[in-house]
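Q: This structure is in structure tokens; I'll ask about it shortly.
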Protein chains: 2
Amino acid sequence: MRNAFGAYLRKRREELLGDSPEYSIRKVAAKIGVQPSYISKVEREEVAPPSEATIIRWAETLNEDPDVLLALAGKVSADLRDAIVKRPKVFAELIRELKDAPDHALLRVVREVRDGNW
Amino acid sequence: MRNAFGAYLRKRREELLGDSPEYSIRKVAAKIGVQPSYISKVEREEVAPPSEATIIRWAETLNEDPDVLLALAGKVSADLRDAIVKRPKVFAELIRELKDAPDHALLRVVREVRDGNW
DNA sequence: AGCATCATATACTGTGTAGTATACAGTCAC
DNA sequence: GTGACTGTATACTACACAGTATATGATGCT
């Protein structure tokens with residue numbers, strides 16, 4: 001059950017727990033809306049990562065980026081999936097073209113699009 | 001069980017069947033490596049779309065674009081998912097920025113990247 | 001009439017997903 | 001030493017996924 005997701009979350013929760021007792025397994029479980037035992041199992045990677053919805057609530061609870069947590073779980077956010085599914089050809093081509101480009105190149109594209117140079 | 005995937009495949013297979021008897025349900029099933037009854041059920045949308053691997057073999061058999069068939073099934077190809085999962089922040093930003101951009105804008109990005117203007 | 005071939009109906013199966021519910025053992029406060 | 005917390009172990013569950021296996025009825029050939 002190796003997935004890197006659990007370890008990351010445990011580390012993050014323990015950091016927060018250092019500052020405030022509001023981040024015990026039980027407290028976090030209550031905020032996310034699952035059982036404490038489930039948090040324990042996920043953090044120890046005894047079970048597979050949760051559903052997308054649960055991961056997102058988890059991210060909110062720990063002030064983490066949901067896209068990053070989803071990625072650690074090997075998942076892609078539904079809204080991104082939808083965008084690709086609506087125009088599979090263009091997006092497939094785009095992503096395959098950009099998948100080996102350096103980060104700064106992608107960010108430059110983002111900026112140019114945002115500035116409306118189209 | 002509405003998904004548009006089955007109807008598209010049935011139409012496509014029947015087109016091919018007009019030219020050659022190699023595209024009966026039985027023949028196609030043998031090529032894809034599943035039972036004929038399963039093809040029948042998928043085409044009539046009696047069941048959910050198949051797994052990614054089966055969709056890809058299906059696409060090969062009918063000379064269709066796998067990305068398009070996967071999209072009709074509401075899925076995204078594993079290699080695209082991997083690219084996003086490896087760099088979730090940049091790709092999430094990129095896709096959200098481009099999701100409402102017109103096709104020609106995306107294609108222009110593809111071309112510019114391909115031409116190496118970076 | 002008999003056989004092949006067509007699609008479809010029906011029943012069933014193993015595996016994965018996404019958790020819940022309850023019980024338990026350790027630690028700290030007072 | 002007992003009450004209020006920790007985290008974890010164990011057992012169980014409902015439903016979705018991705019099909020298989022077999023039987024059946026219809027159509028066409030010769």
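Ligands are numbered from 1 in the order shown, residues from 1 within each chain, and chains are lettered A, B, ... in the order they appear in the structure tokens.
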Please provide chain A as a CSV table (one decimal) with N, CA and C atoms, in the first residue's frame, once it has been superposed on chain B by least squares across all sequentially paired Cα atoms.

A:
```
chain,number,residue,atom,x,y,z
A,1,MET,N,-27.8,4.2,-17.7
A,1,MET,CA,-26.4,3.9,-18.3
A,1,MET,C,-26.1,4.7,-19.5
A,2,ARG,N,-26.5,6.0,-19.4
A,2,ARG,CA,-26.3,6.9,-20.6
A,2,ARG,C,-24.9,7.4,-20.6
A,3,ASN,N,-24.2,7.2,-21.7
A,3,ASN,CA,-22.8,7.7,-21.8
A,3,ASN,C,-22.2,8.1,-23.1
A,4,ALA,N,-23.0,7.9,-24.2
A,4,ALA,CA,-22.7,8.3,-25.6
A,4,ALA,C,-21.5,7.5,-26.2
A,5,PHE,N,-20.9,6.8,-25.3
A,5,PHE,CA,-19.7,6.0,-25.8
A,5,PHE,C,-20.2,4.8,-26.6
A,6,GLY,N,-21.2,4.1,-26.1
A,6,GLY,CA,-21.7,2.9,-26.8
A,6,GLY,C,-22.3,3.3,-28.2
A,7,ALA,N,-23.1,4.2,-28.3
A,7,ALA,CA,-23.8,4.6,-29.5
A,7,ALA,C,-22.7,5.0,-30.6
A,8,TYR,N,-21.8,5.7,-30.2
A,8,TYR,CA,-20.7,6.1,-31.1
A,8,TYR,C,-20.0,4.9,-31.7
A,9,LEU,N,-19.7,4.0,-30.8
A,9,LEU,CA,-19.0,2.8,-31.2
A,9,LEU,C,-19.8,1.9,-32.2
A,10,ARG,N,-21.1,1.8,-31.8
A,10,ARG,CA,-22.0,1.0,-32.7
A,10,ARG,C,-22.0,1.6,-34.1
A,11,LYS,N,-22.2,2.9,-34.1
A,11,LYS,CA,-22.3,3.6,-35.4
A,11,LYS,C,-21.0,3.3,-36.2
A,12,ARG,N,-19.9,3.5,-35.6
A,12,ARG,CA,-18.6,3.3,-36.2
A,12,ARG,C,-18.5,1.9,-36.7
A,13,ARG,N,-18.8,0.9,-35.9
A,13,ARG,CA,-18.7,-0.5,-36.3
A,13,ARG,C,-19.6,-0.8,-37.5
A,14,GLU,N,-20.8,-0.2,-37.5
A,14,GLU,CA,-21.7,-0.5,-38.6
A,14,GLU,C,-21.3,0.1,-39.9
A,15,GLU,N,-20.7,1.2,-39.8
A,15,GLU,CA,-20.0,1.8,-41.0
A,15,GLU,C,-19.0,0.8,-41.6
A,16,LEU,N,-18.1,0.4,-40.8
A,16,LEU,CA,-17.1,-0.5,-41.2
A,16,LEU,C,-17.7,-1.8,-41.7
A,17,LEU,N,-18.7,-2.3,-41.0
A,17,LEU,CA,-19.4,-3.5,-41.4
A,17,LEU,C,-20.0,-3.4,-42.8
A,18,GLY,N,-20.4,-2.2,-43.2
A,18,GLY,CA,-20.9,-2.0,-44.6
A,18,GLY,C,-19.8,-2.3,-45.6
A,19,ASP,N,-18.6,-2.1,-45.3
A,19,ASP,CA,-17.5,-2.4,-46.3
A,19,ASP,C,-17.0,-3.8,-46.2
A,20,SER,N,-17.0,-4.3,-45.0
A,20,SER,CA,-16.3,-5.6,-44.8
A,20,SER,C,-17.0,-6.4,-43.6
A,21,PRO,N,-17.2,-7.7,-43.9
A,21,PRO,CA,-17.8,-8.5,-42.8
A,21,PRO,C,-16.9,-8.8,-41.6
A,22,GLU,N,-15.7,-8.2,-41.6
A,22,GLU,CA,-14.8,-8.4,-40.5
A,22,GLU,C,-15.2,-7.6,-39.3
A,23,TYR,N,-16.3,-6.9,-39.4
A,23,TYR,CA,-16.7,-6.0,-38.2
A,23,TYR,C,-18.0,-6.4,-37.6
A,24,SER,N,-18.3,-7.7,-37.6
A,24,SER,CA,-19.4,-8.2,-36.8
A,24,SER,C,-19.0,-8.1,-35.3
A,25,ILE,N,-20.0,-8.1,-34.5
A,25,ILE,CA,-19.7,-8.1,-33.0
A,25,ILE,C,-18.7,-9.2,-32.7
A,26,ARG,N,-19.0,-10.4,-33.2
A,26,ARG,CA,-18.1,-11.5,-32.9
A,26,ARG,C,-16.6,-11.3,-33.3
A,27,LYS,N,-16.5,-10.8,-34.5
A,27,LYS,CA,-15.1,-10.6,-35.1
A,27,LYS,C,-14.4,-9.5,-34.3
A,28,VAL,N,-15.1,-8.4,-34.0
A,28,VAL,CA,-14.6,-7.3,-33.2
A,28,VAL,C,-14.2,-7.8,-31.8
A,29,ALA,N,-15.1,-8.6,-31.2
A,29,ALA,CA,-14.8,-9.1,-29.9
A,29,ALA,C,-13.6,-9.9,-29.9
A,30,ALA,N,-13.4,-10.7,-30.9
A,30,ALA,CA,-12.2,-11.6,-30.9
A,30,ALA,C,-10.9,-10.7,-31.0
A,31,LYS,N,-11.0,-9.7,-31.8
A,31,LYS,CA,-9.8,-8.8,-32.0
A,31,LYS,C,-9.5,-8.0,-30.7
A,32,ILE,N,-10.6,-7.6,-30.1
A,32,ILE,CA,-10.3,-6.8,-28.8
A,32,ILE,C,-9.9,-7.7,-27.7
A,33,GLY,N,-10.5,-8.9,-27.8
A,33,GLY,CA,-10.1,-9.9,-26.7
A,33,GLY,C,-11.2,-9.9,-25.6
A,34,VAL,N,-12.4,-9.7,-25.9
A,34,VAL,CA,-13.5,-9.8,-25.0
A,34,VAL,C,-14.6,-10.7,-25.6
A,35,GLN,N,-15.6,-11.0,-24.8
A,35,GLN,CA,-16.8,-11.8,-25.2
A,35,GLN,C,-17.7,-10.9,-26.1
A,36,PRO,N,-18.3,-11.5,-27.1
A,36,PRO,CA,-19.3,-10.8,-27.9
A,36,PRO,C,-20.4,-10.2,-27.1
A,37,SER,N,-20.9,-10.9,-26.1
A,37,SER,CA,-22.0,-10.4,-25.3
A,37,SER,C,-21.6,-9.0,-24.7
A,38,TYR,N,-20.3,-8.9,-24.4
A,38,TYR,CA,-19.9,-7.7,-23.7
A,38,TYR,C,-19.9,-6.5,-24.7
A,39,ILE,N,-19.4,-6.8,-25.9
A,39,ILE,CA,-19.5,-5.8,-27.0
A,39,ILE,C,-20.9,-5.3,-27.1
A,40,SER,N,-21.8,-6.3,-27.2
A,40,SER,CA,-23.3,-5.9,-27.4
A,40,SER,C,-23.8,-5.0,-26.2
A,41,LYS,N,-23.4,-5.4,-25.0
A,41,LYS,CA,-23.9,-4.6,-23.9
A,41,LYS,C,-23.3,-3.2,-23.9
A,42,VAL,N,-22.0,-3.1,-24.2
A,42,VAL,CA,-21.4,-1.8,-24.2
A,42,VAL,C,-22.0,-0.9,-25.3
A,43,GLU,N,-22.2,-1.5,-26.5
A,43,GLU,CA,-22.7,-0.7,-27.6
A,43,GLU,C,-24.1,-0.2,-27.3
A,44,ARG,N,-24.9,-1.0,-26.6
A,44,ARG,CA,-26.2,-0.6,-26.2
A,44,ARG,C,-26.3,0.2,-24.9
A,45,GLU,N,-25.1,0.5,-24.4
A,45,GLU,CA,-25.0,1.2,-23.1
A,45,GLU,C,-25.8,0.6,-22.0
A,46,GLU,N,-25.8,-0.7,-22.0
A,46,GLU,CA,-26.4,-1.5,-20.9
A,46,GLU,C,-25.5,-1.5,-19.7
A,47,VAL,N,-24.2,-1.4,-20.0
A,47,VAL,CA,-23.2,-1.4,-18.9
A,47,VAL,C,-22.3,-0.1,-19.1
A,48,ALA,N,-21.5,0.2,-18.1
A,48,ALA,CA,-20.6,1.3,-18.2
A,48,ALA,C,-19.5,1.0,-19.2
A,49,PRO,N,-18.8,2.0,-19.6
A,49,PRO,CA,-17.7,1.9,-20.6
A,49,PRO,C,-16.6,1.0,-20.0
A,50,PRO,N,-15.8,0.3,-20.8
A,50,PRO,CA,-14.8,-0.6,-20.4
A,50,PRO,C,-13.6,0.1,-19.7
A,51,SER,N,-12.6,-0.7,-19.3
A,51,SER,CA,-11.4,-0.1,-18.8
A,51,SER,C,-10.6,0.6,-19.8
A,52,GLU,N,-9.6,1.4,-19.4
A,52,GLU,CA,-8.8,2.1,-20.3
A,52,GLU,C,-8.1,1.2,-21.3
A,53,ALA,N,-7.5,0.1,-20.8
A,53,ALA,CA,-6.8,-0.8,-21.7
A,53,ALA,C,-7.7,-1.4,-22.8
A,54,THR,N,-9.0,-1.7,-22.4
A,54,THR,CA,-9.9,-2.3,-23.4
A,54,THR,C,-10.3,-1.2,-24.4
A,55,ILE,N,-10.5,0.0,-23.9
A,55,ILE,CA,-10.9,1.1,-24.8
A,55,ILE,C,-9.8,1.3,-25.9
A,56,ILE,N,-8.6,1.2,-25.4
A,56,ILE,CA,-7.5,1.4,-26.4
A,56,ILE,C,-7.5,0.3,-27.4
A,57,ARG,N,-7.6,-0.9,-27.0
A,57,ARG,CA,-7.7,-2.0,-28.0
A,57,ARG,C,-8.9,-1.8,-29.0
A,58,TRP,N,-10.0,-1.3,-28.4
A,58,TRP,CA,-11.2,-1.0,-29.2
A,58,TRP,C,-10.9,0.0,-30.2
A,59,ALA,N,-10.2,1.1,-29.8
A,59,ALA,CA,-9.8,2.2,-30.7
A,59,ALA,C,-9.0,1.6,-31.9
A,60,GLU,N,-8.0,0.8,-31.5
A,60,GLU,CA,-7.1,0.2,-32.5
A,60,GLU,C,-7.9,-0.6,-33.5
A,61,THR,N,-8.8,-1.4,-33.0
A,61,THR,CA,-9.6,-2.3,-33.9
A,61,THR,C,-10.5,-1.5,-34.9
A,62,LEU,N,-11.0,-0.4,-34.4
A,62,LEU,CA,-11.9,0.4,-35.3
A,62,LEU,C,-11.2,1.6,-35.9
A,63,ASN,N,-9.9,1.7,-35.8
A,63,ASN,CA,-9.1,2.8,-36.3
A,63,ASN,C,-9.7,4.2,-35.8
A,64,GLU,N,-9.9,4.3,-34.5
A,64,GLU,CA,-10.3,5.5,-34.0
A,64,GLU,C,-9.2,6.1,-33.1
A,65,ASP,N,-9.4,7.4,-32.7
A,65,ASP,CA,-8.4,8.0,-31.9
A,65,ASP,C,-8.7,7.6,-30.4
A,66,PRO,N,-7.8,7.0,-29.8
A,66,PRO,CA,-8.0,6.5,-28.4
A,66,PRO,C,-8.3,7.7,-27.4
A,67,ASP,N,-7.7,8.8,-27.6
A,67,ASP,CA,-8.1,9.9,-26.7
A,67,ASP,C,-9.5,10.3,-26.8
A,68,VAL,N,-10.0,10.3,-28.0
A,68,VAL,CA,-11.5,10.6,-28.2
A,68,VAL,C,-12.4,9.6,-27.6
A,69,LEU,N,-12.1,8.3,-27.8
A,69,LEU,CA,-12.9,7.3,-27.2
A,69,LEU,C,-12.8,7.3,-25.7
A,70,LEU,N,-11.6,7.5,-25.2
A,70,LEU,CA,-11.5,7.6,-23.7
A,70,LEU,C,-12.3,8.8,-23.2
A,71,ALA,N,-12.3,9.9,-23.9
A,71,ALA,CA,-13.1,11.1,-23.5
A,71,ALA,C,-14.6,10.8,-23.5
A,72,LEU,N,-15.0,10.0,-24.6
A,72,LEU,CA,-16.4,9.7,-24.6
A,72,LEU,C,-16.8,8.8,-23.4
A,73,ALA,N,-15.8,8.1,-22.9
A,73,ALA,CA,-16.1,7.3,-21.7
A,73,ALA,C,-15.8,8.1,-20.4
A,74,GLY,N,-15.5,9.4,-20.6
A,74,GLY,CA,-15.3,10.2,-19.4
A,74,GLY,C,-13.9,10.0,-18.8
A,75,LYS,N,-13.0,9.4,-19.5
A,75,LYS,CA,-11.7,9.1,-19.0
A,75,LYS,C,-10.6,9.9,-19.7
A,76,VAL,N,-9.4,9.9,-19.0
A,76,VAL,CA,-8.2,10.6,-19.5
A,76,VAL,C,-7.1,9.6,-19.6
A,77,SER,N,-6.4,9.6,-20.7
A,77,SER,CA,-5.3,8.6,-20.9
A,77,SER,C,-4.3,8.7,-19.8
A,78,ALA,N,-3.8,7.5,-19.4
A,78,ALA,CA,-2.8,7.4,-18.3
A,78,ALA,C,-1.6,8.3,-18.5
A,79,ASP,N,-1.1,8.4,-19.7
A,79,ASP,CA,0.1,9.2,-19.8
A,79,ASP,C,-0.1,10.7,-19.6
A,80,LEU,N,-1.3,11.1,-19.9
A,80,LEU,CA,-1.7,12.5,-19.6
A,80,LEU,C,-1.8,12.7,-18.1
A,81,ARG,N,-2.5,11.8,-17.5
A,81,ARG,CA,-2.7,11.8,-16.1
A,81,ARG,C,-1.3,11.9,-15.4
A,82,ASP,N,-0.4,11.0,-15.8
A,82,ASP,CA,0.9,11.0,-15.2
A,82,ASP,C,1.6,12.3,-15.3
A,83,ALA,N,1.5,13.0,-16.5
A,83,ALA,CA,2.2,14.3,-16.7
A,83,ALA,C,1.6,15.3,-15.7
A,84,ILE,N,0.3,15.3,-15.5
A,84,ILE,CA,-0.3,16.2,-14.6
A,84,ILE,C,0.1,15.9,-13.1
A,85,VAL,N,0.1,14.6,-12.8
A,85,VAL,CA,0.4,14.2,-11.4
A,85,VAL,C,1.8,14.5,-11.0
A,86,LYS,N,2.7,14.5,-12.0
A,86,LYS,CA,4.1,14.8,-11.7
A,86,LYS,C,4.3,16.2,-11.4
A,87,ARG,N,3.6,17.1,-12.0
A,87,ARG,CA,3.7,18.6,-11.7
A,87,ARG,C,2.3,19.2,-11.6
A,88,PRO,N,1.6,18.8,-10.5
A,88,PRO,CA,0.2,19.2,-10.4
A,88,PRO,C,0.0,20.7,-10.4
A,89,LYS,N,0.9,21.5,-9.8
A,89,LYS,CA,0.6,22.9,-9.7
A,89,LYS,C,0.6,23.6,-11.1
A,90,VAL,N,1.7,23.4,-11.8
A,90,VAL,CA,1.9,24.1,-13.1
A,90,VAL,C,0.8,23.6,-14.0
A,91,PHE,N,0.6,22.3,-14.1
A,91,PHE,CA,-0.4,21.8,-15.1
A,91,PHE,C,-1.8,22.2,-14.7
A,92,ALA,N,-2.1,22.2,-13.4
A,92,ALA,CA,-3.5,22.7,-13.0
A,92,ALA,C,-3.7,24.1,-13.4
A,93,GLU,N,-2.7,24.9,-13.2
A,93,GLU,CA,-2.8,26.3,-13.5
A,93,GLU,C,-3.0,26.5,-15.0
A,94,LEU,N,-2.1,25.8,-15.7
A,94,LEU,CA,-2.2,25.8,-17.2
A,94,LEU,C,-3.5,25.5,-17.8
A,95,ILE,N,-4.0,24.3,-17.3
A,95,ILE,CA,-5.3,23.8,-17.9
A,95,ILE,C,-6.5,24.7,-17.5
A,96,ARG,N,-6.5,25.2,-16.2
A,96,ARG,CA,-7.6,26.1,-15.9
A,96,ARG,C,-7.5,27.4,-16.7
A,97,GLU,N,-6.3,27.8,-16.9
A,97,GLU,CA,-6.2,29.1,-17.7
A,97,GLU,C,-6.7,28.8,-19.2
A,98,LEU,N,-6.4,27.6,-19.7
A,98,LEU,CA,-6.7,27.4,-21.1
A,98,LEU,C,-8.1,26.8,-21.4
A,99,LYS,N,-8.7,26.4,-20.3
A,99,LYS,CA,-10.0,25.6,-20.5
A,99,LYS,C,-11.0,26.4,-21.3
A,100,ASP,N,-11.0,27.7,-21.2
A,100,ASP,CA,-12.0,28.5,-21.9
A,100,ASP,C,-11.4,29.2,-23.1
A,101,ALA,N,-10.2,28.9,-23.4
A,101,ALA,CA,-9.6,29.5,-24.6
A,101,ALA,C,-10.0,28.8,-25.8
A,102,PRO,N,-10.2,29.5,-26.9
A,102,PRO,CA,-10.6,28.8,-28.1
A,102,PRO,C,-9.5,27.8,-28.6
A,103,ASP,N,-10.0,26.8,-29.4
A,103,ASP,CA,-9.1,25.8,-29.9
A,103,ASP,C,-7.8,26.4,-30.6
A,104,HIS,N,-8.1,27.4,-31.4
A,104,HIS,CA,-6.9,28.0,-32.2
A,104,HIS,C,-5.8,28.5,-31.3
A,105,ALA,N,-6.3,29.0,-30.1
A,105,ALA,CA,-5.3,29.5,-29.2
A,105,ALA,C,-4.4,28.4,-28.6
A,106,LEU,N,-5.1,27.3,-28.3
A,106,LEU,CA,-4.3,26.1,-27.8
A,106,LEU,C,-3.4,25.6,-28.8
A,107,LEU,N,-3.9,25.5,-30.0
A,107,LEU,CA,-3.1,25.0,-31.1
A,107,LEU,C,-1.9,25.9,-31.4
A,108,ARG,N,-2.1,27.2,-31.2
A,108,ARG,CA,-1.0,28.1,-31.4
A,108,ARG,C,0.1,27.8,-30.3
A,109,VAL,N,-0.3,27.6,-29.1
A,109,VAL,CA,0.6,27.3,-28.1
A,109,VAL,C,1.4,26.0,-28.4
A,110,VAL,N,0.7,25.0,-28.9
A,110,VAL,CA,1.3,23.7,-29.3
A,110,VAL,C,2.4,24.0,-30.3
A,111,ARG,N,2.0,24.8,-31.3
A,111,ARG,CA,2.9,25.1,-32.4
A,111,ARG,C,4.2,25.8,-31.9
A,112,GLU,N,3.9,26.8,-31.1
A,112,GLU,CA,5.1,27.6,-30.6
A,112,GLU,C,6.0,26.8,-29.8
A,113,VAL,N,5.4,25.9,-29.0
A,113,VAL,CA,6.3,25.0,-28.2
A,113,VAL,C,7.1,24.1,-29.1
A,114,ARG,N,6.4,23.6,-30.1
A,114,ARG,CA,7.0,22.6,-31.0
A,114,ARG,C,8.2,23.3,-31.8
A,115,ASP,N,7.9,24.6,-32.1
A,115,ASP,CA,9.0,25.3,-32.9
A,115,ASP,C,10.1,25.7,-32.0
A,116,GLY,N,9.9,25.5,-30.7
A,116,GLY,CA,11.0,25.8,-29.8
A,116,GLY,C,11.2,27.3,-29.5
A,117,ASN,N,10.2,28.0,-29.5
A,117,ASN,CA,10.3,29.5,-29.2
A,117,ASN,C,10.3,29.7,-27.6
A,118,TRP,N,11.2,29.0,-27.0
A,118,TRP,CA,11.2,29.1,-25.5
A,118,TRP,C,12.7,29.2,-25.1
```

Q: Dump as CSV the rows for residues of chain D within 10 Å of region 3-22 of chain C: closest atom pair and distance in Å with one decimal, only C-alpha atoms (C1' of nucleotides) counted, ordered by chain and rising residue number.

A:
```
residue,atom,partner,partner_atom,distance
D:DT10,C1',C:DT22,C1',8.9
D:DA11,C1',C:DA21,C1',9.0
D:DC12,C1',C:DT20,C1',8.4
D:DT13,C1',C:DT20,C1',8.0
D:DA14,C1',C:DG19,C1',9.7
D:DC15,C1',C:DT17,C1',8.6
D:DA16,C1',C:DT17,C1',7.6
D:DC17,C1',C:DG16,C1',7.5
D:DA18,C1',C:DT15,C1',9.3
D:DG19,C1',C:DT13,C1',9.0
D:DT20,C1',C:DT13,C1',8.0
D:DA21,C1',C:DC12,C1',8.5
D:DT22,C1',C:DT10,C1',8.9
D:DA23,C1',C:DT10,C1',8.2
D:DT24,C1',C:DA9,C1',7.4
D:DG25,C1',C:DT8,C1',8.7
D:DA26,C1',C:DC6,C1',7.9
D:DT27,C1',C:DC6,C1',7.2
D:DG28,C1',C:DT5,C1',8.4
D:DC29,C1',C:DA4,C1',8.5
D:DT30,C1',C:DC3,C1',9.9
```

Q: Using DSSP on the backbone coordinates, identify the residues of chain A assigned to helix (DSSP H, G or I); present them as a compact mmCIF listing (two decimals) with C-alpha atoms, in the first residue's frame.

A:
```
# COMPACT_ATOMS: atom_id res chain seq x y z
CA PHE A 5 0.14 10.27 0.27
CA GLY A 6 -0.24 9.06 3.83
CA ALA A 7 3.26 9.94 5.01
CA TYR A 8 2.91 13.45 3.65
CA LEU A 9 -0.36 13.97 5.46
CA ARG A 10 0.92 12.60 8.73
CA LYS A 11 3.93 14.90 8.62
CA ARG A 12 1.76 17.87 7.82
CA ARG A 13 -0.72 17.08 10.59
CA GLU A 14 2.04 16.63 13.15
CA GLU A 15 3.49 20.00 12.24
CA LEU A 16 0.14 21.63 12.86
CA LEU A 17 -0.32 19.60 16.02
CA GLY A 18 2.90 21.15 17.33
CA ASP A 19 1.18 24.53 17.30
CA PRO A 21 -4.08 20.55 19.77
CA GLU A 22 -6.82 20.97 17.16
CA TYR A 23 -4.96 18.60 14.89
CA ILE A 25 -6.45 12.39 14.54
CA ARG A 26 -9.83 12.66 16.21
CA LYS A 27 -10.21 16.38 15.66
CA VAL A 28 -9.12 16.18 12.06
CA ALA A 29 -11.41 13.22 11.46
CA ALA A 30 -14.35 15.20 12.81
CA LYS A 31 -13.56 18.14 10.53
CA ILE A 32 -13.15 15.99 7.47
CA PRO A 36 -10.53 8.49 13.30
CA SER A 37 -9.52 4.92 12.52
CA TYR A 38 -9.74 5.76 8.85
CA ILE A 39 -7.40 8.74 9.20
CA SER A 40 -4.98 6.48 11.06
CA LYS A 41 -5.05 3.87 8.31
CA VAL A 42 -4.67 6.38 5.52
CA GLU A 43 -1.75 8.13 7.20
CA GLU A 52 -11.48 12.89 -4.45
CA ALA A 53 -14.16 14.56 -2.31
CA THR A 54 -12.53 13.38 0.90
CA ILE A 55 -9.07 14.43 -0.27
CA ILE A 56 -10.39 17.92 -0.95
CA ARG A 57 -11.90 18.23 2.52
CA TRP A 58 -8.62 16.91 3.91
CA ALA A 59 -6.72 19.60 2.00
CA GLU A 60 -9.03 22.30 3.36
CA THR A 61 -8.61 21.04 6.89
CA PRO A 66 -5.90 20.13 -3.19
CA ASP A 67 -4.22 19.62 -6.57
CA VAL A 68 -1.03 18.56 -4.85
CA LEU A 69 -2.77 16.15 -2.49
CA LEU A 70 -4.78 14.68 -5.34
CA ALA A 71 -1.55 14.25 -7.26
CA LEU A 72 0.07 12.44 -4.34
CA ALA A 78 -12.52 16.56 -11.73
CA ASP A 79 -12.57 20.04 -13.25
CA LEU A 80 -9.29 19.43 -15.06
CA ARG A 81 -10.49 16.05 -16.23
CA ASP A 82 -13.66 17.68 -17.54
CA ALA A 83 -11.71 20.27 -19.49
CA ILE A 84 -9.68 17.54 -21.18
CA VAL A 85 -12.67 15.30 -21.79
CA LYS A 86 -14.53 18.12 -23.53
CA PRO A 88 -9.62 15.57 -25.94
CA LYS A 89 -7.66 16.11 -29.12
CA VAL A 90 -6.36 19.61 -28.47
CA PHE A 91 -5.67 19.01 -24.82
CA ALA A 92 -3.97 15.67 -25.43
CA GLU A 93 -1.73 17.29 -27.99
CA LEU A 94 -1.02 20.24 -25.74
CA ILE A 95 -0.14 18.18 -22.68
CA ARG A 96 2.03 15.72 -24.58
CA GLU A 97 3.87 18.61 -26.14
CA LEU A 98 4.40 20.30 -22.80
CA ASP A 103 8.29 24.66 -15.59
CA HIS A 104 9.25 28.17 -16.63
CA ALA A 105 8.08 27.46 -20.16
CA LEU A 106 4.66 26.34 -18.92
CA LEU A 107 4.39 29.33 -16.64
CA ARG A 108 5.29 31.59 -19.51
CA VAL A 109 2.41 30.12 -21.49
CA VAL A 110 0.08 30.70 -18.56
CA ARG A 111 1.20 34.30 -18.30
CA GLU A 112 0.85 34.99 -21.98
CA VAL A 113 -2.62 33.50 -22.06
CA ARG A 114 -3.60 35.48 -19.00
```

Q: Specify as a ChimeraX atom specification all residues of chain D found within 12 Å of chain A, counting only C-alpha atoms (C1' of nucleotides).

A: /D:5-10

Q: Excluding DC30 (chain C) and residues on its chain fewer than 4 positions from it, collect all residues at most 12 Å away from it, counting only C-alpha atoms (C1' of nucleotides), and give them as a PyMOL selection string.

A: chain D and resi 1-4

Q: Could you write out the selected residues, including C-alpha atoms (C1' of nucleotides), as an mmCIF file, in the first residue's frame?

A:
```
data_model
loop_
_atom_site.group_PDB
_atom_site.id
_atom_site.type_symbol
_atom_site.label_atom_id
_atom_site.label_comp_id
_atom_site.auth_asym_id
_atom_site.auth_seq_id
_atom_site.Cartn_x
_atom_site.Cartn_y
_atom_site.Cartn_z
ATOM 1 C "C1'" DG D 1 -6.616 5.676 40.212
ATOM 2 C "C1'" DT D 2 -9.895 7.302 37.253
ATOM 3 C "C1'" DG D 3 -11.241 10.385 33.455
ATOM 4 C "C1'" DA D 4 -10.089 12.280 29.258
#
```
